[in-house]
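Enquirer: Input structure: my_file_24.tsv, which contains TSV, C-alpha atoms.
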chain	number	residue	atom	x	y	z
A	1	MET	CA	67.49	136.58	-39.26
A	2	LYS	CA	64.10	135.32	-40.39
A	3	THR	CA	65.49	131.79	-40.61
A	4	ASN	CA	66.85	132.02	-37.06
A	5	PHE	CA	63.50	133.28	-35.76
A	6	SER	CA	61.66	130.40	-37.46
A	7	PHE	CA	64.13	127.92	-36.00
A	8	ILE	CA	63.64	129.32	-32.50
A	9	MET	CA	59.85	129.11	-32.87
A	10	VAL	CA	60.10	125.47	-33.97
A	11	LEU	CA	62.30	124.68	-30.96
A	12	LEU	CA	59.89	126.41	-28.59
A	13	LEU	CA	56.98	124.51	-30.10
A	14	PHE	CA	58.89	121.21	-29.81
A	15	PHE	CA	59.75	121.75	-26.14
A	16	SER	CA	56.21	122.90	-25.37
A	17	VAL	CA	54.73	119.76	-26.92
A	18	GLY	CA	57.31	117.61	-25.12
A	19	GLN	CA	56.55	119.25	-21.77
A	20	ALA	CA	52.83	118.87	-22.37
A	21	GLN	CA	53.27	115.18	-23.17
A	22	GLU	CA	55.42	114.70	-20.06
A	23	LEU	CA	52.87	116.55	-17.97
A	24	THR	CA	50.15	114.37	-19.43
A	25	LYS	CA	52.12	111.24	-18.50
A	26	LYS	CA	52.61	112.50	-14.95
A	27	GLU	CA	48.95	113.37	-14.67
A	28	LYS	CA	47.99	109.91	-15.93
A	29	ARG	CA	50.30	108.25	-13.40
A	30	LYS	CA	48.92	110.43	-10.63
A	31	ALA	CA	45.34	109.75	-11.68
A	32	LYS	CA	46.02	106.01	-11.78
A	33	LYS	CA	47.67	106.14	-8.37
A	34	GLU	CA	44.77	108.04	-6.82
A	35	ALA	CA	41.99	106.11	-8.59
A	36	PRO	CA	39.78	103.98	-6.34
A	37	PRO	CA	40.19	100.19	-6.55
A	38	LYS	CA	38.28	98.44	-9.32
A	39	LYS	CA	38.07	95.03	-10.96
A	40	GLY	CA	41.53	94.18	-12.27
A	41	SER	CA	43.39	96.56	-9.94
A	42	VAL	CA	46.79	95.13	-8.95
A	43	TYR	CA	49.05	96.33	-6.14
A	44	PHE	CA	52.62	95.04	-6.15
A	45	THR	CA	54.98	95.60	-3.22
A	46	PRO	CA	58.58	94.30	-3.39
A	47	LEU	CA	60.59	94.17	-0.18
A	48	PRO	CA	64.20	93.29	0.64
A	49	VAL	CA	64.37	90.78	3.48
A	50	LEU	CA	66.71	91.66	6.33
A	51	SER	CA	65.65	90.15	9.62
A	52	SER	CA	66.44	87.68	12.35
A	53	ASN	CA	64.42	85.08	14.18
A	54	PRO	CA	65.20	82.07	16.37
A	55	SER	CA	64.41	79.48	13.69
A	56	PHE	CA	66.68	80.78	10.93
A	57	GLY	CA	69.18	83.24	12.40
A	58	PHE	CA	69.98	86.27	10.21
A	59	MET	CA	67.85	86.26	7.05
A	60	TYR	CA	68.38	88.10	3.76
A	61	GLY	CA	66.64	87.92	0.40
A	62	VAL	CA	63.65	89.34	-1.42
A	63	ALA	CA	59.91	89.07	-0.85
A	64	THR	CA	56.88	90.42	-2.67
A	65	SER	CA	53.29	91.01	-1.72
A	66	THR	CA	50.83	91.22	-4.59
A	67	SER	CA	47.16	92.09	-4.05
A	68	TRP	CA	44.46	92.28	-6.69
A	69	TYR	CA	40.71	92.32	-7.31
A	70	MET	CA	39.12	89.64	-9.50
A	71	GLY	CA	35.74	91.39	-9.34
A	72	ASP	CA	34.17	94.67	-8.28
A	73	PRO	CA	35.50	95.67	-4.81
A	74	PRO	CA	32.02	96.18	-3.27
A	75	THR	CA	31.20	92.51	-3.93
A	76	THR	CA	34.63	90.87	-4.18
A	77	ASN	CA	37.31	90.53	-1.50
A	78	ILE	CA	40.87	91.48	-2.26
A	79	SER	CA	43.18	88.56	-3.16
A	80	SER	CA	46.73	88.31	-1.88
A	81	LEU	CA	49.91	86.47	-2.85
A	82	PHE	CA	53.10	86.41	-0.82
A	83	ALA	CA	56.27	85.03	-2.41
A	84	GLY	CA	59.81	85.03	-1.16
A	85	LEU	CA	63.35	83.77	-1.67
A	86	THR	CA	65.43	83.88	1.49
A	87	LEU	CA	68.91	82.76	2.51
A	88	THR	CA	70.02	82.55	6.12
A	89	SER	CA	73.17	82.70	8.20
A	90	LYS	CA	72.56	79.05	9.11
A	91	GLY	CA	73.01	77.99	5.47
A	92	GLN	CA	69.32	77.56	4.75
A	93	THR	CA	67.35	78.28	1.58
A	94	LEU	CA	63.65	79.13	1.86
A	95	ILE	CA	61.42	79.46	-1.21
A	96	THR	CA	57.76	80.16	-0.47
A	97	ALA	CA	54.56	81.08	-2.29
A	98	LYS	CA	51.37	81.51	-0.27
A	99	ALA	CA	48.08	82.88	-1.54
A	100	THR	CA	44.45	83.48	-0.69
A	101	ALA	CA	42.37	84.35	-3.77
A	102	PHE	CA	38.70	85.22	-4.23
A	103	SER	CA	36.96	84.91	-7.60
A	104	GLU	CA	34.39	87.45	-8.79
A	105	ASP	CA	31.64	88.03	-6.22
A	106	ASN	CA	33.55	85.71	-3.86
A	107	ASP	CA	31.98	82.67	-5.52
A	108	PHE	CA	35.17	80.63	-5.03
A	109	LYS	CA	38.06	80.85	-2.58
A	110	LEU	CA	41.48	79.35	-3.29
A	111	ASP	CA	44.19	78.88	-0.64
A	112	LEU	CA	47.75	77.88	-1.58
A	113	ASP	CA	50.80	77.06	0.51
A	114	TRP	CA	53.83	76.00	-1.52
A	115	ARG	CA	57.29	75.75	0.01
A	116	TYR	CA	60.74	74.38	-0.65
A	117	LEU	CA	63.02	74.48	2.37
A	118	ASN	CA	66.63	73.38	2.60
A	119	SER	CA	66.57	74.03	6.27
A	120	SER	CA	67.15	73.03	9.86
A	121	GLN	CA	65.06	73.16	13.00
A	122	GLY	CA	65.69	72.61	16.66
A	123	SER	CA	63.54	70.08	18.50
A	124	PHE	CA	62.87	69.96	22.21
A	125	GLY	CA	60.73	66.85	22.09
A	126	LEU	CA	56.96	66.60	22.16
A	127	GLY	CA	54.57	68.42	24.46
A	128	SER	CA	54.65	71.89	26.00
A	129	GLY	CA	56.59	72.63	29.17
A	130	PRO	CA	60.27	72.27	30.08
A	131	SER	CA	62.46	69.70	28.36
A	132	SER	CA	62.95	67.90	31.66
A	133	ASN	CA	59.38	66.56	31.32
A	134	LYS	CA	60.06	64.83	28.02
A	135	ILE	CA	61.27	61.39	27.07
A	136	ALA	CA	64.60	62.25	25.43
A	137	SER	CA	65.51	64.28	28.52
A	138	ASN	CA	64.80	61.39	30.86
A	139	GLY	CA	66.39	58.74	28.69
A	140	PHE	CA	64.75	56.45	26.15
A	141	GLU	CA	64.45	52.71	26.74
A	142	TYR	CA	66.19	51.18	23.74
A	143	ASP	CA	66.23	47.45	24.50
A	144	ASN	CA	64.21	44.84	26.35
A	145	GLN	CA	66.65	44.73	29.26
A	146	GLY	CA	65.62	48.10	30.69
A	147	ALA	CA	68.63	50.00	29.32
A	148	PHE	CA	68.09	53.74	28.81
A	149	SER	CA	69.78	56.27	26.54
A	150	ALA	CA	71.73	59.26	27.79
A	151	PRO	CA	69.39	62.16	28.65
A	152	ILE	CA	69.27	65.27	26.41
A	153	ASN	CA	68.30	68.60	27.91
A	154	ASP	CA	69.47	70.81	25.05
A	155	GLU	CA	68.13	71.71	21.63
A	156	GLN	CA	68.22	68.76	19.22
A	157	MET	CA	69.11	70.21	15.81
A	158	LEU	CA	67.65	68.45	12.78
A	159	GLU	CA	68.60	69.29	9.18
A	160	PHE	CA	66.29	68.37	6.29
A	161	LYS	CA	64.81	69.24	2.92
A	162	TRP	CA	61.08	69.90	2.82
A	163	PHE	CA	58.77	70.18	-0.18
A	164	ARG	CA	55.17	71.22	0.53
A	165	ALA	CA	52.26	71.69	-1.88
A	166	TYR	CA	48.93	72.51	-0.22
A	167	GLN	CA	45.93	73.70	-2.23
A	168	THR	CA	42.32	74.08	-1.11
A	169	LEU	CA	39.36	75.17	-3.26
A	170	THR	CA	36.06	76.07	-1.63
A	171	LYS	CA	32.69	77.20	-3.04
A	172	LYS	CA	30.46	79.85	-1.50
A	173	ILE	CA	27.14	78.37	-0.36
A	174	ALA	CA	25.94	81.39	1.62
A	175	ASN	CA	27.23	84.84	2.43
A	176	GLY	CA	30.74	84.30	3.85
A	177	THR	CA	30.30	80.52	4.07
A	178	TYR	CA	32.38	78.12	1.95
A	179	VAL	CA	32.76	74.36	1.63
A	180	GLY	CA	35.25	72.44	-0.48
A	181	ILE	CA	38.14	70.02	-0.76
A	182	GLY	CA	41.91	70.20	-0.71
A	183	TYR	CA	44.99	68.16	-1.52
A	184	HIS	CA	48.06	68.33	0.71
A	185	LEU	CA	51.53	66.91	0.10
A	186	ASP	CA	54.61	66.99	2.32
A	187	ILE	CA	57.87	65.28	1.38
A	188	LEU	CA	60.72	65.54	3.89
A	189	SER	CA	64.08	64.03	3.05
A	190	LYS	CA	67.82	64.02	3.69
A	191	PHE	CA	67.46	64.20	7.45
A	192	LYS	CA	70.61	64.84	9.46
A	193	ASP	CA	70.03	64.26	13.17
A	194	ASN	CA	73.01	66.13	14.60
A	195	LEU	CA	72.87	64.95	18.23
A	196	LEU	CA	72.08	61.30	17.50
A	197	ASP	CA	74.97	59.03	18.52
A	198	LEU	CA	74.13	55.33	18.67
A	199	SER	CA	77.77	54.34	19.21
A	200	ALA	CA	78.10	56.23	22.49
A	201	THR	CA	77.78	54.45	25.85
A	202	PRO	CA	74.98	54.84	26.67
A	203	PRO	CA	73.61	55.83	23.23
A	204	VAL	CA	72.44	59.41	22.70
A	205	ILE	CA	68.94	59.04	21.28
A	206	THR	CA	67.04	62.12	20.09
A	207	SER	CA	63.31	62.74	20.19
A	208	PHE	CA	63.16	62.42	16.39
A	209	TYR	CA	64.87	59.01	16.40
A	210	ALA	CA	62.92	57.73	19.40
A	211	TYR	CA	59.60	58.73	17.83
A	212	ASN	CA	60.47	57.09	14.51
A	213	GLU	CA	61.55	53.86	16.23
A	214	LYS	CA	58.39	53.69	18.31
A	215	TYR	CA	55.95	54.46	15.47
A	216	GLY	CA	57.79	52.81	12.57
A	217	PHE	CA	58.85	55.81	10.46
A	218	SER	CA	62.03	56.12	8.39
A	219	ASN	CA	64.86	58.29	9.68
A	220	ASP	CA	65.74	59.26	6.09
A	221	LYS	CA	62.50	60.29	4.37
A	222	ASN	CA	58.85	60.92	5.29
A	223	THR	CA	55.85	61.45	3.00
A	224	LEU	CA	52.40	62.66	3.99
A	225	SER	CA	49.80	62.88	1.23
A	226	GLY	CA	46.12	63.47	1.83
A	227	ILE	CA	42.82	65.06	0.94
A	228	SER	CA	40.76	67.35	3.13
A	229	LEU	CA	37.16	68.39	3.65
A	230	ASN	CA	36.87	72.07	4.52
A	231	GLY	CA	34.28	74.41	5.95
A	232	ILE	CA	35.14	78.12	6.11
A	233	TYR	CA	33.33	81.21	7.36
A	234	ASP	CA	35.08	84.40	6.22
A	235	THR	CA	33.57	87.90	6.44
A	236	ARG	CA	36.84	89.83	6.79
A	237	ASP	CA	36.82	93.08	4.85
A	238	ASN	CA	40.50	92.77	3.91
A	239	ILE	CA	42.80	89.81	4.49
A	240	ASN	CA	45.96	91.96	4.52
A	241	SER	CA	44.84	94.08	7.47
A	242	THR	CA	41.35	93.43	8.81
A	243	TYR	CA	39.15	96.19	10.25
A	244	LYS	CA	35.95	94.18	10.59
A	245	GLY	CA	34.60	90.67	10.17
A	246	ARG	CA	35.57	87.26	11.48
A	247	TYR	CA	37.06	84.02	10.25
A	248	ALA	CA	36.45	80.38	11.19
A	249	GLN	CA	37.76	77.17	9.63
A	250	LEU	CA	37.22	73.45	10.11
A	251	THR	CA	39.44	71.06	8.16
A	252	PHE	CA	39.36	67.28	8.43
A	253	ARG	CA	42.21	65.62	6.61
A	254	VAL	CA	42.65	61.98	5.58
A	255	ASN	CA	46.15	60.72	4.71
A	256	PRO	CA	45.89	57.20	3.22
A	257	THR	CA	48.82	55.08	2.16
A	258	PHE	CA	47.31	54.61	-1.32
A	259	LEU	CA	47.95	58.34	-1.92
A	260	GLY	CA	51.59	57.94	-0.93
A	261	SER	CA	51.57	58.51	2.84
A	262	ASP	CA	53.97	56.43	4.92
A	263	LYS	CA	51.10	55.45	7.23
A	264	ASN	CA	47.35	55.93	7.38
A	265	SER	CA	46.29	58.85	9.57
A	266	THR	CA	43.70	61.58	10.02
A	267	SER	CA	43.92	65.05	11.53
A	268	LEU	CA	41.63	67.90	12.50
A	269	TRP	CA	42.17	71.68	12.32
A	270	LEU	CA	39.83	74.14	14.10
A	271	GLU	CA	40.44	77.90	13.87
A	272	TYR	CA	38.73	81.15	14.84
A	273	ARG	CA	39.68	84.84	14.41
A	274	ASP	CA	37.76	87.97	15.39
A	275	TYR	CA	38.38	91.70	15.13
A	276	PHE	CA	37.00	94.49	17.31
A	277	ASP	CA	37.10	98.16	16.33
A	278	LEU	CA	37.32	99.75	19.78
A	279	THR	CA	36.84	103.36	18.64
A	280	LYS	CA	34.78	102.75	15.47
A	281	ASP	CA	37.43	104.37	13.28
A	282	HIS	CA	39.80	101.34	12.88
A	283	ARG	CA	42.55	103.26	14.67
A	284	ASN	CA	42.35	101.09	17.80
A	285	MET	CA	41.82	97.44	16.89
A	286	LEU	CA	41.74	94.36	19.10
A	287	ALA	CA	42.34	91.09	17.24
A	288	ILE	CA	42.04	87.58	18.67
A	289	TRP	CA	43.10	84.26	17.18
A	290	ALA	CA	42.81	80.68	18.36
A	291	TYR	CA	43.32	77.32	16.73
A	292	GLY	CA	43.53	73.68	17.65
A	293	SER	CA	45.40	71.07	15.62
A	294	PHE	CA	44.98	67.39	16.45
A	295	GLN	CA	46.11	63.98	15.24
A	296	THR	CA	42.81	62.10	15.37
A	297	SER	CA	43.84	58.60	14.26
A	298	GLY	CA	46.89	56.68	13.10
A	299	SER	CA	50.36	58.23	13.32
A	300	LEU	CA	51.78	61.33	11.66
A	301	PRO	CA	55.49	61.73	10.83
A	302	PHE	CA	57.39	63.63	13.53
A	303	MET	CA	57.75	66.84	11.48
A	304	ASN	CA	54.06	66.78	10.50
A	305	LEU	CA	52.78	66.65	14.06
A	306	PRO	CA	50.93	69.83	15.11
A	307	GLY	CA	53.44	72.56	15.95
A	308	ILE	CA	53.65	76.33	16.29
A	309	GLY	CA	54.55	78.20	13.12
A	310	TYR	CA	53.00	75.51	10.92
A	311	ASP	CA	49.91	77.51	9.92
A	312	GLN	CA	49.55	78.66	6.29
A	313	TYR	CA	51.51	81.90	6.70
A	314	SER	CA	53.82	80.65	9.51
A	315	SER	CA	52.44	83.41	11.73
A	316	SER	CA	51.88	81.66	15.04
A	317	GLY	CA	54.32	81.38	17.91
A	318	ARG	CA	56.12	84.72	17.85
A	319	GLY	CA	58.68	84.40	20.65
A	320	TYR	CA	59.66	80.80	19.82
A	321	THR	CA	61.39	78.93	17.03
A	322	GLN	CA	59.16	77.28	14.46
A	323	GLY	CA	58.18	73.85	15.77
A	324	ARG	CA	59.60	74.61	19.25
A	325	ILE	CA	56.33	73.37	20.75
A	326	ARG	CA	54.95	70.25	19.08
A	327	GLY	CA	52.73	67.32	19.96
A	328	GLN	CA	49.97	64.94	18.91
A	329	GLY	CA	47.54	67.70	19.89
A	330	LEU	CA	48.11	71.46	20.16
A	331	PHE	CA	46.08	74.51	21.17
A	332	TYR	CA	47.24	78.05	20.39
A	333	SER	CA	45.70	81.43	21.24
A	334	GLU	CA	46.82	85.01	20.64
A	335	ILE	CA	45.54	88.51	21.31
A	336	GLU	CA	46.90	91.67	19.67
A	337	PHE	CA	46.17	95.37	20.11
A	338	ARG	CA	46.84	97.50	17.02
A	339	LYS	CA	46.94	101.28	17.19
A	340	LYS	CA	47.32	103.76	14.34
A	341	LEU	CA	49.60	106.65	15.30
A	342	PHE	CA	50.05	109.17	12.51
A	343	GLY	CA	50.64	109.50	8.80
A	344	THR	CA	50.15	111.83	5.87
A	345	GLU	CA	47.13	113.52	4.34
A	346	LYS	CA	46.86	110.78	1.73
A	347	ASN	CA	47.74	107.96	4.12
A	348	PRO	CA	46.72	108.97	7.66
A	349	ASP	CA	47.22	105.38	8.89
A	350	LYS	CA	50.81	105.07	7.68
A	351	TRP	CA	52.47	104.49	11.08
A	352	GLY	CA	51.22	102.30	13.90
A	353	ILE	CA	52.19	99.96	16.71
A	354	ALA	CA	51.09	96.54	17.92
A	355	ILE	CA	51.28	94.81	21.30
A	356	PHE	CA	50.60	91.07	21.47
A	357	GLY	CA	50.67	87.99	23.65
A	358	ASN	CA	50.16	84.29	22.97
A	359	ILE	CA	49.94	80.95	24.74
A	360	THR	CA	50.56	77.41	23.51
A	361	THR	CA	49.91	74.02	25.01
A	362	ALA	CA	50.68	70.64	23.42
A	363	THR	CA	50.43	66.96	24.27
A	364	ASN	CA	52.89	64.08	24.47
A	365	LYS	CA	50.92	60.90	25.04
A	366	ASP	CA	54.08	58.81	25.57
A	367	ALA	CA	55.19	61.08	28.43
A	368	GLY	CA	51.67	61.53	29.82
A	369	ILE	CA	51.55	65.26	28.97
A	370	LYS	CA	48.00	66.43	28.26
A	371	LEU	CA	46.60	69.68	26.90
A	372	PHE	CA	46.86	72.48	29.48
A	373	ASP	CA	49.20	70.48	31.73
A	374	ASN	CA	51.84	73.01	30.68
A	375	ILE	CA	51.22	76.41	29.09
A	376	ASP	CA	54.03	78.26	27.32
A	377	PRO	CA	53.37	82.02	26.98
A	378	ALA	CA	55.12	84.63	24.84
A	379	GLY	CA	54.61	88.29	24.04
A	380	GLY	CA	56.06	91.33	22.37
A	381	ALA	CA	55.51	94.56	20.49
A	382	GLY	CA	56.30	96.06	17.12
A	383	LEU	CA	55.93	98.77	14.52
A	384	ARG	CA	53.50	98.93	11.61
A	385	PHE	CA	54.07	100.83	8.35
A	386	MET	CA	51.24	100.82	5.81
A	387	VAL	CA	52.94	100.67	2.41
A	388	ASN	CA	49.78	100.88	0.31
A	389	PRO	CA	46.53	102.19	1.83
A	390	LYS	CA	44.40	100.85	-1.04
A	391	SER	CA	45.42	97.24	-0.53
A	392	ARG	CA	46.32	97.81	3.15
A	393	THR	CA	49.66	96.15	2.50
A	394	THR	CA	51.50	96.63	5.78
A	395	LEU	CA	55.11	96.12	6.80
A	396	CYS	CA	55.39	94.61	10.28
A	397	LEU	CA	58.51	94.58	12.47
A	398	ASP	CA	58.12	92.85	15.84
A	399	TYR	CA	60.23	91.72	18.77
A	400	ALA	CA	58.91	88.86	20.92
A	401	VAL	CA	60.08	86.97	24.00
A	402	GLY	CA	59.04	83.51	25.20
A	403	LYS	CA	60.05	81.12	27.96
A	404	TYR	CA	63.33	79.19	28.09
A	405	THR	CA	65.35	82.32	27.07
A	406	SER	CA	63.67	82.27	23.65
A	407	SER	CA	63.29	85.52	21.67
A	408	GLY	CA	63.35	86.82	18.12
A	409	ILE	CA	62.82	89.64	15.62
A	410	TYR	CA	60.04	89.08	13.09
A	411	LEU	CA	59.67	90.95	9.80
A	412	GLY	CA	56.60	90.38	7.66
A	413	LEU	CA	54.35	91.81	4.99
A	414	ASN	CA	50.75	92.21	6.19
A	415	GLU	CA	49.38	91.63	9.66
A	416	PHE	CA	50.25	88.28	11.23
A	417	PHE	CA	46.56	87.37	11.47
If you convert what's in this file into C-alpha cells, what do you get?
Expert:
Amino acid sequence: MKTNFSFIMVLLLFFSVGQAQELTKKEKRKAKKEAPPKKGSVYFTPLPVLSSNPSFGFMYGVATSTSWYMGDPPTTNISSLFAGLTLTSKGQTLITAKATAFSEDNDFKLDLDWRYLNSSQGSFGLGSGPSSNKIASNGFEYDNQGAFSAPINDEQMLEFKWFRAYQTLTKKIANGTYVGIGYHLDILSKFKDNLLDLSATPPVITSFYAYNEKYGFSNDKNTLSGISLNGIYDTRDNINSTYKGRYAQLTFRVNPTFLGSDKNSTSLWLEYRDYFDLTKDHRNMLAIWAYGSFQTSGSLPFMNLPGIGYDQYSSSGRGYTQGRIRGQGLFYSEIEFRKKLFGTEKNPDKWGIAIFGNITTATNKDAGIKLFDNIDPAGGAGLRFMVNPKSRTTLCLDYAVGKYTSSGIYLGLNEFF
C-alpha cells in the first residue's frame, strides 16, 4: 500500500512538472507573439496562391512575405521580401524574389527584383488607345514597293523566357533622402510569335516583328544590361501598408553595348507616392501614385519598352494584362481609398476594403501617338485582411475592370503601393 502511494505521488509530481513546463512554453510563445517589435524581429507569412488575372489565367502555387528589422524600430524602417513560385493554366512558370531592405538606422537601402519567367504575354502594339490606331492593325509596309501586311486587330500572343536581375543600393545623405547606383539585367529568349505568318498572302506581321525589323533587334533573343543613377526620397512609416509619409524616385539608366546590351540606349523613371490619413486614425486612407517611364535615347528592345505592370512589384495596371499598354514613353497614375472596417481586440484593423482607379497613356512615335492623345482608364474594388498587425502584412484580393473588355482578379501580399 505504501509503495502504491509513493508511486502515485511520483506520477502526480511528474505530470505537474510536465504541465508546468508546457504552460511555461505556451507563456513564452504568447509573450513572444505579443512582444513589441525590436531589432532582429522577423515576421514570416506563407500563402498558397490561388488567383486569376488577365496576364496568366488561373494561377496556383506558393508565396511568402517576410518582414524584419535590421535595427531598432524607432530609427529603422521595416524590411520586406516577397518570394513566390507560381504555375498557371496557360502553362507558365513564374519564379520571383523582390525585396526592399533598410540597414540599421536606415543608413543604406537595398532594392532587389529577380525573376525567371517561362511565360507568355499578349501584345496590342505600342501606344495607348484602341488597336485600330496602331501600325499592325493598319498593315505594315514590308517592302519598297508599297506592299502592306494583313491588318491585325486581335491580341498578338508572344511566348518567351525572361531572366531579370535588378539590384539598387543607395546611401542616406539626409533624413529620408538616398542616392546610389544600380545594375539591371534582362535576358529574353526563345520567343514564339504565335500570329506571325510570313508565308501568308499578304504576310501577317505582328507588332513585335515589325518593331524588331524597323529597329534592328533579333526575333530570337534580346539582352538589356545597364547601370543606373538613383535619387530616392522615402519617409513611409511602413512599406507593407503605409499610414504616413511619401515616396519619390528618379532613376536614369544607361544601357551600353559594352555591358552586353543589344543596342545603346538610355531611359528615365520618375515616380511619386503620397498618403493622406483622412481621419487621423489610419482607418480612412487616401493613397496616390504616379510614375513616368521614358526611353530617352537609342532604342530599347520591344519587351523592355515602358509598359504597365513592369514596376518592381508588378503592381500597376490593375484591370489590364501586364504590358497591355506599352510605348516609348508612358505615364501612369492611380488613386486608392482604403477603409478599415472591423477586427478583433488584438487586431482591430483586421478587415478592410479598398476602392481604386487608374489611368495610363503611352506613346507610339511611328504611329504618331503622343502622351495624352489616348487615355485608358481602369478601376475596381477589393478586400483587405491584415495577417500580422506588427509588420502590417496584408492580404489583398481585388477585382478590376478596364477598357476593351479587359478585367481580372488580383491576389497579393501587402498593399499594391
Enquirer: For a quick check of understanding, using all atoms listed in the file, which of A:Gly309, A:Gly180, A:Gly380, A:Gly323 has the smallest distance to Phe337 of chain A?
Expert: A:Gly380
Enquirer: Select, from A:Asp193, A:Asp237, A:Asp262, A:Asp398, the residue with the minimum atom-to-atom distance to Thr223 of chain A, counting only C-alpha atoms.
Expert: A:Asp262
Enquirer: Hey, what's within 9 Å of Pro203 of chain A if we count all atoms listed in the file and toss same-chain stuff fewer than 2 positions away? As a ChimeraX atom specification, please?
Expert: /A:142,148-150,196-201,205
Enquirer: Which of these residues is nearest to Leu259 of chain A, using all atoms listed in the file: A:Lys90, A:Lys390, A:Arg318, A:His184?
Expert: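 Closest to Leu259 of chain A, using all atoms listed in the file: A:His184.
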Enquirer: Compare A:Leu330, A:Leu268, A:Asn240, A:Lys192 by their minimum atom-to-atom distance to Cys396 of chain A, counting all atoms listed in the file, and give me the closest one.
Expert: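 With all atoms listed in the file as the atom set, the closest residue is A:Asn240.
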Enquirer: I need the residue nearest Lys161 of chain A from this list: A:Glu34, A:Asp220, A:Glu213, A:Asp113. Use all atoms listed in the file for the distance.
Expert: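 With all atoms listed in the file as the atom set, the closest residue is A:Asp220.
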Enquirer: Given the choices A:Ile181, A:Pro130, A:Arg384, A:Pro48, which gets closest to Thr405 of chain A if the distance is worked out from all atoms listed in the file?
Expert: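 Of all the options, A:Pro130 lies closest to Thr405 of chain A.
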Enquirer: Find the residues around Ser316 of chain A up to 9 Å (only C-alpha atoms counted), leave out those fewer than 3 positions away in its own chain, and share them as a JSON list (two decimals) with C-alpha atoms, in the coordinates of the input.
Expert:
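The resulting file, selection-v1.json, is shown below:
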[["chain", "number", "residue", "atom", "x", "y", "z"],
["A", 308, "ILE", "CA", 53.65, 76.33, 16.29],
["A", 309, "GLY", "CA", 54.55, 78.20, 13.12],
["A", 310, "TYR", "CA", 53.00, 75.51, 10.92],
["A", 311, "ASP", "CA", 49.91, 77.51, 9.92],
["A", 313, "TYR", "CA", 51.51, 81.90, 6.70],
["A", 322, "GLN", "CA", 59.16, 77.28, 14.46],
["A", 332, "TYR", "CA", 47.24, 78.05, 20.39],
["A", 333, "SER", "CA", 45.70, 81.43, 21.24],
["A", 334, "GLU", "CA", 46.82, 85.01, 20.64],
["A", 358, "ASN", "CA", 50.16, 84.29, 22.97],
["A", 416, "PHE", "CA", 50.25, 88.28, 11.23],
["A", 417, "PHE", "CA", 46.56, 87.37, 11.47]]
Enquirer: Atom CA of Gly127 of chain A and atom CA of Lys214 of chain A are how many Å apart?
Expert: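 Between these atoms lies a distance of 16.4 Å.
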